[in-house]
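Chemist: Have a peek at start00.txt (compact mmCIF, C-alpha atoms).
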# COMPACT_ATOMS: atom_id res chain seq x y z
CA MET A 29 98.72 -47.98 44.20
CA LYS A 30 95.67 -49.24 42.34
CA TYR A 31 92.35 -50.23 43.92
CA PHE A 32 89.39 -52.50 43.25
CA ILE A 33 85.73 -52.37 44.26
CA VAL A 34 83.84 -55.59 45.04
CA ILE A 35 80.06 -55.91 45.39
CA ASP A 36 78.79 -59.05 47.14
CA GLY A 37 75.03 -59.54 46.90
CA GLY A 38 73.93 -62.10 49.47
CA THR A 39 70.56 -63.49 50.46
CA GLN A 40 70.44 -61.74 53.84
CA ASN A 41 73.11 -59.06 53.52
CA ILE A 42 74.72 -56.92 50.85
CA LYS A 43 78.42 -56.19 51.25
CA ALA A 44 80.88 -53.99 49.42
CA PHE A 45 84.65 -53.74 49.74
CA VAL A 46 87.61 -51.76 48.49
CA PHE A 47 90.90 -53.67 48.15
CA ASP A 48 94.32 -52.49 47.05
CA GLU A 49 96.36 -54.29 44.42
CA LYS A 50 98.06 -56.39 47.10
CA GLY A 51 94.76 -57.71 48.45
CA ASN A 52 94.61 -55.53 51.54
CA GLU A 53 91.13 -54.48 52.63
CA ILE A 54 90.83 -50.69 52.64
CA SER A 55 87.16 -50.28 53.50
CA LYS A 56 84.04 -52.41 53.80
CA GLY A 57 80.35 -52.01 54.39
CA MET A 58 77.31 -54.20 54.95
CA HIS A 59 73.56 -53.69 55.02
CA SER A 60 70.84 -56.26 55.68
CA VAL A 61 68.11 -56.75 53.11
CA THR A 62 64.39 -57.19 53.63
CA PRO A 63 63.71 -60.92 54.09
CA TYR A 64 61.87 -62.78 51.38
CA PHE A 65 58.11 -62.99 51.67
CA SER A 66 55.65 -65.78 50.85
CA VAL A 67 52.25 -64.93 49.42
CA GLN A 68 51.42 -68.64 49.54
CA PRO A 69 53.13 -71.90 50.58
CA ASP A 70 56.42 -72.71 48.80
CA PHE A 71 56.80 -69.15 47.48
CA ALA A 72 59.86 -67.04 48.31
CA GLU A 73 59.86 -63.61 46.68
CA GLN A 74 61.82 -60.41 47.25
CA ASP A 75 61.59 -56.73 46.32
CA ALA A 76 64.28 -56.48 43.64
CA GLU A 77 64.13 -52.68 43.38
CA GLN A 78 64.68 -52.27 47.11
CA TYR A 79 67.54 -54.77 46.95
CA LEU A 80 69.19 -52.76 44.18
CA SER A 81 68.77 -49.51 46.10
CA ILE A 82 70.66 -51.02 49.03
CA VAL A 83 73.45 -52.19 46.71
CA LYS A 84 73.85 -48.62 45.43
CA GLU A 85 73.81 -47.17 48.93
CA VAL A 86 76.39 -49.61 50.34
CA THR A 87 78.73 -49.25 47.36
CA LYS A 88 78.60 -45.47 47.40
CA LYS A 89 79.42 -45.36 51.13
CA VAL A 90 82.31 -47.84 50.90
CA VAL A 91 83.92 -45.94 48.04
CA LYS A 92 83.57 -42.65 49.90
CA ASP A 93 84.89 -44.12 53.18
CA SER A 94 87.95 -45.56 51.42
CA GLY A 95 89.35 -42.11 50.71
CA VAL A 96 90.76 -43.45 47.45
CA LEU A 97 90.97 -41.01 44.55
CA GLU A 98 88.56 -41.76 41.73
CA ASP A 99 91.30 -42.27 39.13
CA ASP A 100 93.08 -44.84 41.31
CA PHE A 101 90.24 -47.37 40.94
CA VAL A 102 90.94 -49.82 38.11
CA ALA A 103 87.99 -52.25 38.17
CA LEU A 104 84.76 -53.29 39.87
CA SER A 105 83.67 -56.89 40.39
CA ILE A 106 80.21 -58.27 41.10
CA THR A 107 79.51 -61.53 42.92
CA THR A 108 76.08 -62.61 44.14
CA HIS A 109 73.93 -65.56 45.11
CA ARG A 110 72.50 -67.46 42.17
CA SER A 111 69.18 -68.92 40.96
CA THR A 112 67.05 -65.84 41.63
CA ILE A 113 64.96 -64.65 38.67
CA ILE A 114 64.13 -60.97 38.10
CA PRO A 115 61.81 -60.13 35.18
CA VAL A 116 62.45 -56.64 33.72
CA ASP A 117 61.25 -54.54 30.79
CA LYS A 118 63.40 -52.93 28.06
CA ASN A 119 64.50 -50.20 30.45
CA GLY A 120 65.47 -52.63 33.18
CA LYS A 121 62.43 -51.77 35.29
CA VAL A 122 61.30 -54.66 37.47
CA ILE A 123 57.94 -56.12 36.39
CA ARG A 124 57.16 -58.25 39.45
CA PRO A 125 58.93 -59.35 42.66
CA ALA A 126 62.03 -61.49 42.24
CA ILE A 127 61.54 -65.24 42.54
CA THR A 128 64.42 -66.24 44.82
CA TRP A 129 66.51 -69.39 44.94
CA LEU A 130 64.56 -70.46 48.03
CA ASP A 131 61.32 -70.64 46.06
CA GLU A 132 59.85 -74.13 45.63
CA ARG A 133 56.80 -73.47 43.47
CA LYS A 134 56.07 -76.01 40.75
CA THR A 135 53.82 -76.17 37.71
CA ASP A 136 51.69 -79.26 37.19
CA GLY A 137 49.78 -80.39 34.13
CA LEU A 138 52.52 -79.70 31.58
CA SER A 139 53.42 -81.92 28.63
CA LEU A 140 56.81 -82.42 27.05
CA PRO A 141 57.23 -81.36 23.40
CA GLY A 142 55.67 -83.81 20.95
CA GLY A 143 56.74 -85.13 17.57
CA MET A 144 60.35 -86.04 16.85
CA GLY A 145 61.49 -84.08 19.88
CA ARG A 146 59.53 -86.38 22.19
CA LEU A 147 60.97 -89.42 20.40
CA PHE A 148 64.54 -88.22 20.95
CA ILE A 149 63.77 -87.59 24.63
CA LYS A 150 62.52 -91.17 25.07
CA ILE A 151 65.41 -92.70 23.15
CA GLY A 152 67.87 -90.76 25.26
CA GLY A 153 66.23 -91.88 28.49
CA MET A 154 65.76 -88.26 29.57
CA GLU A 155 61.99 -88.14 29.90
CA GLU A 156 61.72 -88.18 33.71
CA THR A 157 64.65 -85.80 34.18
CA LEU A 158 63.22 -83.27 31.73
CA LYS A 159 59.79 -83.53 33.33
CA LYS A 160 61.35 -82.52 36.66
CA TYR A 161 63.09 -79.52 35.08
CA GLN A 162 59.88 -78.57 33.32
CA ARG A 163 57.81 -78.80 36.49
CA ARG A 164 60.29 -76.75 38.54
CA SER A 165 60.87 -74.08 35.89
CA LYS A 166 59.85 -70.62 37.08
CA PHE A 167 59.38 -69.59 33.44
CA ASN A 168 56.70 -72.24 32.98
CA TRP A 169 55.00 -71.07 36.16
CA LEU A 170 54.94 -67.47 34.91
CA ARG A 171 53.62 -68.54 31.51
CA LYS A 172 50.73 -70.42 33.12
CA HIS A 173 49.84 -68.21 36.08
CA GLU A 174 51.07 -64.73 35.07
CA PRO A 175 51.01 -64.74 31.25
CA LYS A 176 50.73 -60.95 31.08
CA ASN A 177 53.90 -60.52 33.14
CA TYR A 178 55.67 -63.12 31.02
CA ARG A 179 54.77 -61.26 27.83
CA LYS A 180 55.84 -57.93 29.32
CA THR A 181 59.26 -59.32 30.28
CA TYR A 182 62.06 -58.21 27.99
CA LYS A 183 64.78 -60.05 29.92
CA PHE A 184 64.88 -62.47 32.81
CA LEU A 185 67.83 -61.35 34.92
CA THR A 186 69.61 -62.70 37.97
CA VAL A 187 70.82 -60.60 40.90
CA SER A 188 74.22 -60.16 39.22
CA SER A 189 72.84 -59.11 35.83
CA HIS A 190 70.35 -56.78 37.52
CA ILE A 191 73.20 -54.98 39.28
CA PHE A 192 75.26 -55.00 36.08
CA HIS A 193 72.42 -53.42 34.11
CA ALA A 194 72.08 -50.68 36.73
CA LEU A 195 75.81 -49.97 36.36
CA THR A 196 75.97 -50.10 32.56
CA GLY A 197 72.54 -50.10 30.93
CA GLU A 198 73.44 -53.43 29.26
CA PHE A 199 71.85 -56.86 29.62
CA LYS A 200 74.70 -59.28 30.33
CA ASP A 201 75.48 -62.00 32.86
CA CYS A 202 78.35 -64.34 33.63
CA SER A 203 78.23 -68.00 32.65
CA SER A 204 79.27 -68.92 36.20
CA MET A 205 76.08 -67.29 37.54
CA ILE A 206 73.77 -69.45 35.45
CA VAL A 207 72.73 -72.80 36.90
CA GLY A 208 70.14 -75.53 36.33
CA ILE A 209 67.06 -73.31 36.40
CA PHE A 210 68.20 -71.84 33.07
CA PRO A 211 68.65 -73.57 29.67
CA ILE A 212 72.45 -73.51 29.67
CA ASP A 213 74.88 -75.92 28.04
CA LEU A 214 77.24 -76.60 30.93
CA LYS A 215 79.92 -78.10 28.69
CA GLN A 216 80.10 -75.02 26.49
CA LEU A 217 79.22 -72.52 29.25
CA ALA A 218 76.78 -70.92 26.82
CA TRP A 219 73.06 -70.83 26.18
CA HIS A 220 71.87 -74.11 24.76
CA LYS A 221 71.62 -74.42 20.98
CA ASN A 222 68.90 -77.06 21.07
CA PRO A 223 65.46 -75.39 20.68
CA LEU A 224 63.85 -78.36 22.44
CA VAL A 225 65.54 -77.34 25.69
CA TYR A 226 63.87 -73.92 25.60
CA LYS A 227 60.48 -75.57 25.13
CA VAL A 228 61.08 -77.69 28.23
CA PHE A 229 62.09 -74.66 30.32
CA GLY A 230 59.33 -72.50 28.85
CA VAL A 231 61.46 -69.50 27.89
CA GLU A 232 62.75 -67.97 24.66
CA ARG A 233 66.45 -67.30 24.11
CA LYS A 234 65.72 -63.66 23.28
CA LYS A 235 64.43 -63.14 26.83
CA LEU A 236 67.80 -64.10 28.36
CA PRO A 237 70.86 -61.83 28.74
CA ASP A 238 74.07 -62.37 26.78
CA LEU A 239 76.71 -64.41 28.62
CA VAL A 240 80.34 -63.51 29.28
CA SER A 241 83.23 -65.30 30.98
CA PRO A 242 84.14 -64.52 34.62
CA THR A 243 87.63 -63.64 33.36
CA ASP A 244 86.42 -61.08 30.79
CA ILE A 245 85.64 -57.41 31.10
CA ALA A 246 81.85 -57.51 30.83
CA GLY A 247 81.37 -53.78 30.35
CA HIS A 248 82.04 -50.31 31.74
CA VAL A 249 80.23 -48.03 34.17
CA SER A 250 77.82 -45.62 32.46
CA LYS A 251 77.21 -42.01 33.41
CA THR A 252 74.03 -43.04 35.22
CA GLY A 253 75.80 -45.93 36.94
CA ALA A 254 78.57 -43.61 38.11
CA ARG A 255 76.03 -41.26 39.67
CA ASP A 256 73.97 -44.00 41.33
CA PHE A 257 76.84 -46.10 42.70
CA GLY A 258 79.35 -43.33 43.41
CA VAL A 259 82.05 -44.83 41.18
CA LYS A 260 84.02 -43.58 38.18
CA GLU A 261 82.36 -43.47 34.78
CA GLY A 262 84.07 -45.88 32.38
CA LEU A 263 85.35 -48.15 35.18
CA PRO A 264 85.73 -51.75 33.86
CA ILE A 265 83.35 -54.32 35.36
CA ILE A 266 83.84 -58.05 35.85
CA ILE A 267 80.94 -60.34 36.76
CA GLY A 268 82.71 -62.90 38.90
CA ALA A 269 81.73 -66.36 40.08
CA GLY A 270 78.58 -66.76 42.14
CA ASP A 271 77.66 -68.97 45.07
What is this file in structure tokens?
Modeler:
Amino acid sequence: MKYFIVIDGGTQNIKAFVFDEKGNEISKGMHSVTPYFSVQPDFAEQDAEQYLSIVKEVTKKVVKDSGVLEDDFVALSITTHRSTIIPVDKNGKVIRPAITWLDERKTDGLSLPGGMGRLFIKIGGMEETLKKYQRRSKFNWLRKHEPKNYRKTYKFLTVSSHIFHALTGEFKDCSSMIVGIFPIDLKQLAWHKNPLVYKVFGVERKKLPDLVSPTDIAGHVSKTGARDFGVKEGLPIIIGAGD
């Protein structure tokens, strides 16, 4: 019999499960997370390092409680809530608290790109829509109000890619985890090729993780990941669909 590990990172609780190849639940665990905090109106931030520590703790316990032999696990899947931004450095260390999906901060006083780009925006009738995206972009807010933190950021991760990095040491995310707060081409399920879009969102492509499909093996558990999560080194990982 083969077995699978599932990590489910929610807004209020973190869950982990072990299932057998027939879909039967073998073990499960859950731990609440520290609620988001607001340093001012419309803000909703969370301690991303503490969140990750709970993920490791819950996963390690569920795997141990399952009684399944290490070599009988065949894959691990990650699913989480979406639209939370976690700025990290080259080593994956969190630079500032996560800006959660509940956050409603906005940036005023911005201008859309000028020149031919502005002309194309007007011709396409997209000016008002792009202004809304620009105003709501957390990247633009960081650029304006925390420029030092923006410059220090190597990658802007989500909850799923933060967990994935802790498991593998790689910066990757799933296309299904990326929604409207990021410059994604929804038809191609890939980062947008139009440089104008990045100017509107206020972020560079190099600061975003590589994208994979939810049906692909995204990577494998590293030695450090195996130690921290209590799973087998080399175990294949899938970043599944988010909610």
Chemist: Measuring between all atoms listed in the file, which one of A:Arg110, A:His220, A:Lys56, A:Arg179 shows the shortest distance to Phe32 in chain A?
Modeler: A:Lys56
Chemist: Here is a test: counting only C-alpha atoms, which residue of A:Lys134, A:Lys260, A:Arg233, A:His173 is nearest to Tyr161 in chain A?
Modeler: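 Of A:Lys134, A:Lys260, A:Arg233, A:His173, the one nearest Tyr161 in chain A is A:Lys134, counting only C-alpha atoms.
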Chemist: Just the residues within 6 Å of range 246-253 of chain A, please, counting all atoms listed in the file, with nothing from its chain fewer than 5 positions along; format it as an MDAnalysis selection string.
Modeler: chainID A and resid 195:196 261:266
Chemist: Using all atoms listed in the file, find all polymer residues with an atom at most 9 Å away from the point (70.4, -61.1, 58.1); report them as a list of chain:residue names.
Modeler: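 Counting all atoms listed in the file, I find these residues within 9 Å of (70.4, -61.1, 58.1): A:Thr39, A:Gln40, A:Asn41, A:His59, A:Ser60, A:Val61, A:Thr62, A:Pro63.
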Chemist: Can you work out the spacing between CA of Tyr182 in chain A and CA of Asp238 in chain A in Å, to one decimal?
Modeler: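 According to the coordinates, CA of Tyr182 in chain A and CA of Asp238 in chain A are separated by 12.8 Å.
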